[in-house]
Each structure stands twice: as structure tokens, then as C-alpha cells.
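Chemist: File follows, run31.csv with CSV, C-alpha atoms:
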chain,number,residue,atom,x,y,z
A,167,MET,CA,126.6,159.3,85.0
A,168,PRO,CA,125.7,157.8,81.6
A,169,ILE,CA,125.5,160.1,78.6
A,170,SER,CA,123.6,158.8,75.5
A,171,GLY,CA,124.3,159.7,71.8
A,172,GLN,CA,120.7,160.9,71.2
A,173,THR,CA,121.6,164.6,71.1
A,174,LEU,CA,124.5,163.8,68.8
A,175,GLY,CA,122.0,162.2,66.4
A,176,VAL,CA,119.8,165.3,66.6
A,177,GLY,CA,122.7,167.7,65.9
A,178,LEU,CA,123.9,165.5,63.0
A,179,THR,CA,120.4,165.4,61.6
A,180,ALA,CA,119.8,169.1,61.7
A,181,THR,CA,123.3,169.9,60.4
A,182,ILE,CA,123.0,167.6,57.4
A,183,ILE,CA,119.4,167.9,56.3
A,184,GLY,CA,118.3,171.3,57.8
A,185,SER,CA,115.3,172.6,59.7
A,186,LYS,CA,112.1,171.2,58.1
A,187,LEU,CA,113.3,167.7,57.3
A,188,GLY,CA,115.3,167.6,60.6
A,189,ALA,CA,112.2,168.4,62.6
A,190,ILE,CA,110.1,165.9,60.7
A,191,ALA,CA,112.8,163.2,61.3
A,192,MET,CA,112.7,164.0,65.0
A,193,ILE,CA,108.9,163.7,65.0
A,194,CYS,CA,109.3,160.3,63.3
A,195,TYR,CA,111.8,159.3,66.0
A,196,ALA,CA,109.4,160.4,68.8
A,197,ALA,CA,106.5,158.7,67.0
A,198,LEU,CA,108.4,155.4,66.7
A,199,GLY,CA,109.1,155.6,70.4
A,200,VAL,CA,105.5,156.4,71.3
A,201,VAL,CA,104.2,153.3,69.4
A,202,GLY,CA,106.6,151.2,71.5
A,203,ALA,CA,109.6,150.8,69.3
A,204,PRO,CA,112.7,150.6,71.6
A,205,VAL,CA,114.3,153.7,70.0
A,206,PHE,CA,114.9,155.8,73.1
A,207,ALA,CA,118.0,155.6,75.3
A,208,GLY,CA,118.5,152.2,76.9
A,209,PHE,CA,116.3,150.4,74.4
A,210,SER,CA,113.2,152.0,76.0
A,211,GLY,CA,110.0,153.0,74.2
A,212,GLY,CA,106.3,153.8,74.9
A,213,ALA,CA,104.3,156.9,75.6
A,214,GLN,CA,105.2,156.7,79.3
A,215,VAL,CA,108.8,157.8,78.4
A,216,LEU,CA,107.5,161.0,76.7
A,217,ILE,CA,105.3,161.9,79.7
A,218,GLY,CA,107.9,160.8,82.2
A,219,PRO,CA,110.7,162.9,83.8
A,220,THR,CA,113.0,162.8,80.7
A,221,GLY,CA,110.3,163.2,78.1
A,222,GLY,CA,111.0,166.9,77.8
A,223,TYR,CA,114.4,166.2,76.2
A,224,ILE,CA,112.6,164.2,73.5
A,225,PHE,CA,110.1,166.9,72.8
A,226,GLY,CA,113.0,169.3,72.8
A,227,PHE,CA,114.7,167.4,70.0
A,228,ILE,CA,112.0,168.5,67.6
A,229,LEU,CA,112.5,172.2,68.4
A,230,THR,CA,116.3,171.7,68.6
A,231,ALA,CA,116.5,170.2,65.1
A,232,PHE,CA,114.3,172.9,63.6
A,233,VAL,CA,116.2,175.8,65.2
A,234,THR,CA,119.6,174.3,64.6
A,235,GLY,CA,118.8,173.8,60.9
A,236,LEU,CA,117.2,177.2,60.6
A,237,ILE,CA,120.3,179.0,62.0
A,238,LEU,CA,122.4,177.2,59.4
A,239,GLU,CA,120.0,177.9,56.5
A,240,ARG,CA,119.8,181.6,57.4
A,241,THR,CA,123.6,181.8,57.7
A,242,SER,CA,125.8,179.2,56.1
A,243,PHE,CA,126.6,175.5,56.4
A,244,THR,CA,130.1,176.0,57.7
A,245,PHE,CA,131.9,174.4,60.6
A,246,SER,CA,132.0,177.6,62.7
A,247,MET,CA,128.3,178.3,62.2
A,248,ALA,CA,127.4,174.7,62.8
A,249,ILE,CA,129.1,174.9,66.2
A,250,VAL,CA,127.0,178.0,67.0
A,251,ALA,CA,123.8,176.4,65.8
A,252,ASN,CA,124.5,173.1,67.7
A,253,ILE,CA,125.3,174.9,70.9
A,254,ALA,CA,122.0,176.9,70.6
A,255,GLY,CA,120.3,173.5,70.0
A,256,MET,CA,121.9,172.0,73.0
A,257,ILE,CA,120.6,174.9,75.2
A,258,ILE,CA,117.1,174.3,73.8
A,259,THR,CA,117.2,170.6,74.5
A,260,LEU,CA,118.5,171.1,78.0
A,261,LEU,CA,115.8,173.8,78.8
A,262,CYS,CA,112.9,171.7,77.4
A,263,GLY,CA,114.2,168.7,79.3
A,264,THR,CA,114.7,170.6,82.6
A,265,ILE,CA,111.3,172.2,82.5
A,266,GLN,CA,109.5,168.8,82.2
A,267,LEU,CA,111.9,167.3,84.8
A,268,LYS,CA,111.0,170.0,87.2
A,269,PHE,CA,107.3,169.7,86.9
A,270,VAL,CA,107.0,165.9,86.7
A,271,LEU,CA,109.3,165.3,89.7
A,272,ASP,CA,108.1,168.5,91.4
A,273,LEU,CA,111.6,169.8,92.0
A,274,ASN,CA,112.6,173.4,92.7
A,275,TRP,CA,114.5,175.2,89.9
A,276,SER,CA,117.9,174.9,91.5
A,277,LEU,CA,117.6,171.1,91.9
A,278,ALA,CA,116.1,170.7,88.4
A,279,LEU,CA,119.0,172.6,86.9
A,280,ALA,CA,121.5,170.6,89.0
A,281,SER,CA,120.0,167.4,87.7
A,282,GLY,CA,119.0,168.3,84.2
A,283,VAL,CA,121.5,170.9,82.9
A,284,TYR,CA,124.8,171.2,84.7
A,285,PRO,CA,125.9,167.5,84.3
A,286,PHE,CA,125.3,167.7,80.6
A,287,ILE,CA,127.0,171.0,79.7
A,288,VAL,CA,130.6,169.8,79.1
A,289,VAL,CA,129.6,166.7,77.2
A,290,GLY,CA,126.9,168.6,75.4
A,291,LEU,CA,129.6,171.1,74.1
A,292,MET,CA,131.8,168.1,73.0
A,293,LYS,CA,128.8,166.6,71.2
A,294,ALA,CA,128.0,170.0,69.5
A,295,VAL,CA,131.5,170.2,68.1
A,296,LEU,CA,131.4,166.5,67.0
A,297,ALA,CA,128.0,166.9,65.4
A,298,SER,CA,129.2,170.1,63.6
A,299,TRP,CA,132.4,168.5,62.3
A,300,ILE,CA,130.9,165.2,61.1
A,301,GLY,CA,127.7,166.9,60.0
A,302,ILE,CA,129.3,169.5,57.7
A,303,LEU,CA,131.7,166.9,56.4
A,304,LEU,CA,128.9,164.4,55.6
A,305,ARG,CA,126.7,167.1,54.1
A,306,ASN,CA,129.3,168.3,51.7
A,307,ARG,CA,130.1,164.7,50.7
A,308,LEU,CA,126.4,163.9,50.1
A,309,ILE,CA,125.9,167.1,48.0
A,310,ARG,CA,129.0,166.2,45.9
A,311,ALA,CA,127.5,162.7,45.4
A,312,ASN,CA,124.1,164.2,44.4
A,313,ILE,CA,122.4,162.3,47.2
A,314,LEU,CA,121.6,165.5,49.0
A,315,LEU,CA,120.4,168.5,47.0
A,316,ARG,CA,122.0,171.9,47.5
A,317,ARG,CA,120.4,174.3,49.9
A,318,LYS,CA,118.6,176.5,47.4
A,319,VAL,CA,117.3,173.6,45.3
A,320,LEU,CA,116.3,171.7,48.5
A,321,GLU,CA,114.4,174.8,49.8
A,322,ILE,CA,112.4,175.0,46.5
A,323,LEU,CA,111.7,171.3,46.7
A,324,ILE,CA,110.5,171.2,50.2
A,325,ALA,CA,108.6,174.5,50.0
A,326,PHE,CA,105.1,173.7,51.1
B,37,MET,CA,112.4,164.7,39.5
B,38,ASN,CA,108.6,164.7,39.8
B,39,GLN,CA,106.7,165.5,43.0
B,40,SER,CA,106.1,161.9,44.1
B,41,GLN,CA,109.8,161.1,43.7
B,42,SER,CA,110.7,164.2,45.7
B,43,ASN,CA,108.2,163.2,48.4
B,44,LEU,CA,109.6,159.7,48.5
B,45,ARG,CA,113.1,161.1,48.8
B,46,LYS,CA,112.0,163.2,51.8
B,47,VAL,CA,110.3,160.3,53.5
B,48,ILE,CA,113.5,158.1,53.1
B,49,ILE,CA,115.7,160.9,54.4
B,50,CYS,CA,113.6,161.5,57.4
B,51,ALA,CA,113.2,157.7,58.2
B,52,LEU,CA,117.0,157.3,57.8
B,53,PHE,CA,117.9,160.1,60.2
B,54,ALA,CA,115.3,158.9,62.7
B,55,ALA,CA,116.9,155.5,62.5
B,56,ILE,CA,120.4,157.0,62.9
B,57,THR,CA,119.2,158.9,66.0
B,58,ALA,CA,117.7,155.7,67.4
B,59,VAL,CA,121.0,153.8,67.0
B,60,LEU,CA,123.0,156.6,68.5
B,61,ALA,CA,120.6,156.7,71.5
B,62,GLN,CA,121.7,153.2,72.4
B,63,VAL,CA,125.4,154.4,72.6
B,64,GLU,CA,126.0,155.2,76.2
B,65,VAL,CA,129.3,156.5,77.6
B,66,THR,CA,130.2,157.5,81.1
B,67,ALA,CA,130.7,161.2,81.5
B,68,PRO,CA,134.3,162.3,82.0
B,69,ALA,CA,135.4,163.7,85.4
B,70,CYS,CA,135.1,167.3,84.2
B,71,ALA,CA,131.3,166.8,83.6
B,72,ASN,CA,131.0,165.4,87.1
B,73,LYS,CA,132.6,168.6,88.4
B,74,TRP,CA,129.9,170.6,86.8
B,75,ALA,CA,127.4,168.3,88.5
B,76,ASN,CA,129.1,169.1,91.8
B,77,ILE,CA,128.8,172.8,91.0
B,78,GLY,CA,125.0,172.1,90.7
B,79,SER,CA,125.0,170.5,94.1
B,80,TRP,CA,126.9,173.5,95.5
B,81,LEU,CA,124.4,175.9,94.0
B,82,ASN,CA,121.7,173.8,95.6
B,83,ARG,CA,123.4,174.0,99.0
B,84,ASP,CA,120.7,176.2,100.5
B,85,HIS,CA,118.6,172.9,101.0
B,86,TYR,CA,120.9,171.9,103.8
B,87,TRP,CA,120.2,175.1,105.6
B,88,GLN,CA,116.4,174.7,105.5
Could you quickly redo this structure as C-alpha cells?
Modeler:
Amino acid sequence: MPISGQTLGVGLTATIIGSKLGAIAMICYAALGVVGAPVFAGFSGGAQVLIGPTGGYIFGFILTAFVTGLILERTSFTFSMAIVANIAGMIITLLCGTIQLKFVLDLNWSLALASGVYPFIVVGLMKAVLASWIGILLRNRLIRANILLRRKVLEILIAF
Amino acid sequence: MNQSQSNLRKVIICALFAAITAVLAQVEVTAPACANKWANIGSWLNRDHYWQ
């Protein structure tokens, strides 16, 4: 069973740049795929991937990035909170993916969960811990290097 | 930093992280045995199909 690093990228993005920019980055990622750039797993791209069985995971990335970032912004950008936020994000991704998988392939719920959730739980938890550890480490380094602005300043700058 | 510089920074950050996700999406590993056990639990939960 092949597991891609997509969700690791989503977790890292949200952990480092937060909810709004994280969600926008995921919209950019999905948009690049829709116009045909081979950015999805296995160098695939095109709108057919988004409306196909696994498209729900990609839609889920947008919500995942937003919620993961929001949890961290409302609490603190620490390793322990990042793990909580990334696990919540993993659940959102798996749920979004499984819902589309169920309806596109016309599966019953138990088969949809068996195909779309259970195989990814253990690896998903590993990726959540990895994204939290690398994400918090990188975020702190980027803030120290003045490449990324501190949370409060960033919130003011990106306030719409 | 003025507004246009701030917007440019945001665009660059978003594009960069979209690109990082695209690169990571191409990294594929085979799930460890423990994940396959979870998949088997899924099959077990779905066992009622065999009864129908």
C-alpha cells in the first residue's frame, strides 16, 4: 500500500504559516493540479483527479490546513499543540476523502472506511508527529531569521 | 513594509508551500506492516459482506 507525502506537506504548511495562508497555499496547490500541472501524487494532475475517487482528500487539504492552523493560532505554536492540531487535521482529511470515495465509487460506509480511513491511521499519526516536530522547528528558525513574522504581527498583516 | 510588499510576501509564501506540498506528494513509501494490520481490521469490520 503506497503512502504519499502529501498530507505531510499539508501539516507542515499549516504548522509553519498558519490557517489563512495555509488554506490559500492549499487552494494554490489544488488549482495547479486542476490546470494540469503534475502536482498530485504519482505526478498526476487535471480536474479529473479532483472529481475522481481520491479528490476528496485534496479538497480536504484546504479545510485541514485552515483548521490545523486555527487550532495553533488559538492556542500556541508548541510541539504538543501541533500534534493535537495535526491529528485533528488528519481526521478532517480522512473524513473528506472517505466521503467522496464512498459516493464516487458507490461503496457502503464500512467498505469506504476500510479503504479510505483504516489503512492510513497509523501512518497518518506518524506524519502528524513528523509535521509537528519539523513544522515547529522550522517556524521558530524562520521567525528568528525574520523571514516569517511573529504570530501577532502576521495576524495584523494578513487581517483582511 | 508597505501593503504591496506585504502582499508579495504572502504570495511568495503560499506559492512556496504549494510547491513543497507538490514535491512531497511525489514521495511515496510503502506502508509498514502495522498499517496493513489496520487495513485488515477494516476488512474484518466489513466481514458482513461475506454473509450476504
Chemist: Got a sec: who's within 12 Å of Glu64 in chain B, counting only C-alpha atoms, leaving out chain neighbours fewer than 5 positions off, as a list in words?
Modeler: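 In the requested form, the answer reads Met167, Pro168, Ile169, Ser170, Gly171, Gln172, Thr173, Leu174, Phe206, Ala207, Gly208 and Phe209 of chain A; Val59 of chain B.
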Chemist: Choose the residue, out of A:Leu291, A:Leu279, A:Ile228, A:Cys262, that has the smallest atom-to-atom separation from chain B; count all atoms listed in the file.
Modeler: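 Of the candidates, the smallest distance to chain B is held by A:Leu279.
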Chemist: Take the point (114.1, 172.7, 86.5) as written in the file and pick out every residue within 9 Å of it, counting only C-alpha atoms; give the list as number ranges by chain.
Modeler: A: 261, 263-269, 272-283
Chemist: Show which residues sit within 8 Å of Phe243 in chain A, as a list in words. Count all atoms listed in the file, and ignore same-chain residues fewer than 3 positions away.
Modeler: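 Final neighbour list, sorted by chain and number: Thr181, Leu238, Glu239, Met247, Ala248 and Ile302 of chain A.
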Chemist: One number please: CA of Ala254 in chain A to CA of Leu60 in chain B, in Å, one decimal.
Modeler: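 We find that CA of Ala254 in chain A and CA of Leu60 in chain B lie 20.4 Å from each other.
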Chemist: With distances taken over only C-alpha atoms, which of A:Leu236, A:Arg305, A:Gly199, A:Leu271 is nearest to Ile224 in chain A?
Modeler: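 For Ile224 in chain A, the nearest of the given residues is A:Gly199.
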Chemist: Closest to Lys293 in chain A among A:Val176, A:Val201, A:Ala196, A:Leu229, using all atoms listed in the file?
Modeler: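 Among A:Val176, A:Val201, A:Ala196, A:Leu229, it is A:Val176 that comes nearest to Lys293 in chain A.
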Chemist: Given all atoms listed in the file as the basis, pick out the residue of A:Val288, A:Val215, A:Val295, A:Ile257 nearest to chain B.
Modeler: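 Of all the options, A:Val288 lies closest to chain B.
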Chemist: Pick the closest to Tyr284 in chain A from A:Leu260, A:Ile182, A:Ala231, A:Ala251: which is it, counting all atoms listed in the file?
Modeler: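 Once distances to Tyr284 in chain A are computed over all atoms listed in the file, the minimum belongs to A:Leu260.
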Chemist: Quick one, how far is CA of Ile287 in chain A from CA of Leu216 in chain A?
Modeler: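 Straight-line distance from CA of Ile287 in chain A to CA of Leu216 in chain A works out to 22.1 Å.
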Chemist: If you measure from CA of Thr230 in chain A to CA of Gly177 in chain A, what distance in Å do you get, rounded to one decimal?
Modeler: 8.0 Å
Chemist: Smallest atom-to-atom distance to Ile49 in chain B: which of A:Cys194, A:Ala180, A:Thr234, A:Leu187, using all atoms listed in the file?
Modeler: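 For Ile49 in chain B, the nearest of the candidates is A:Leu187.
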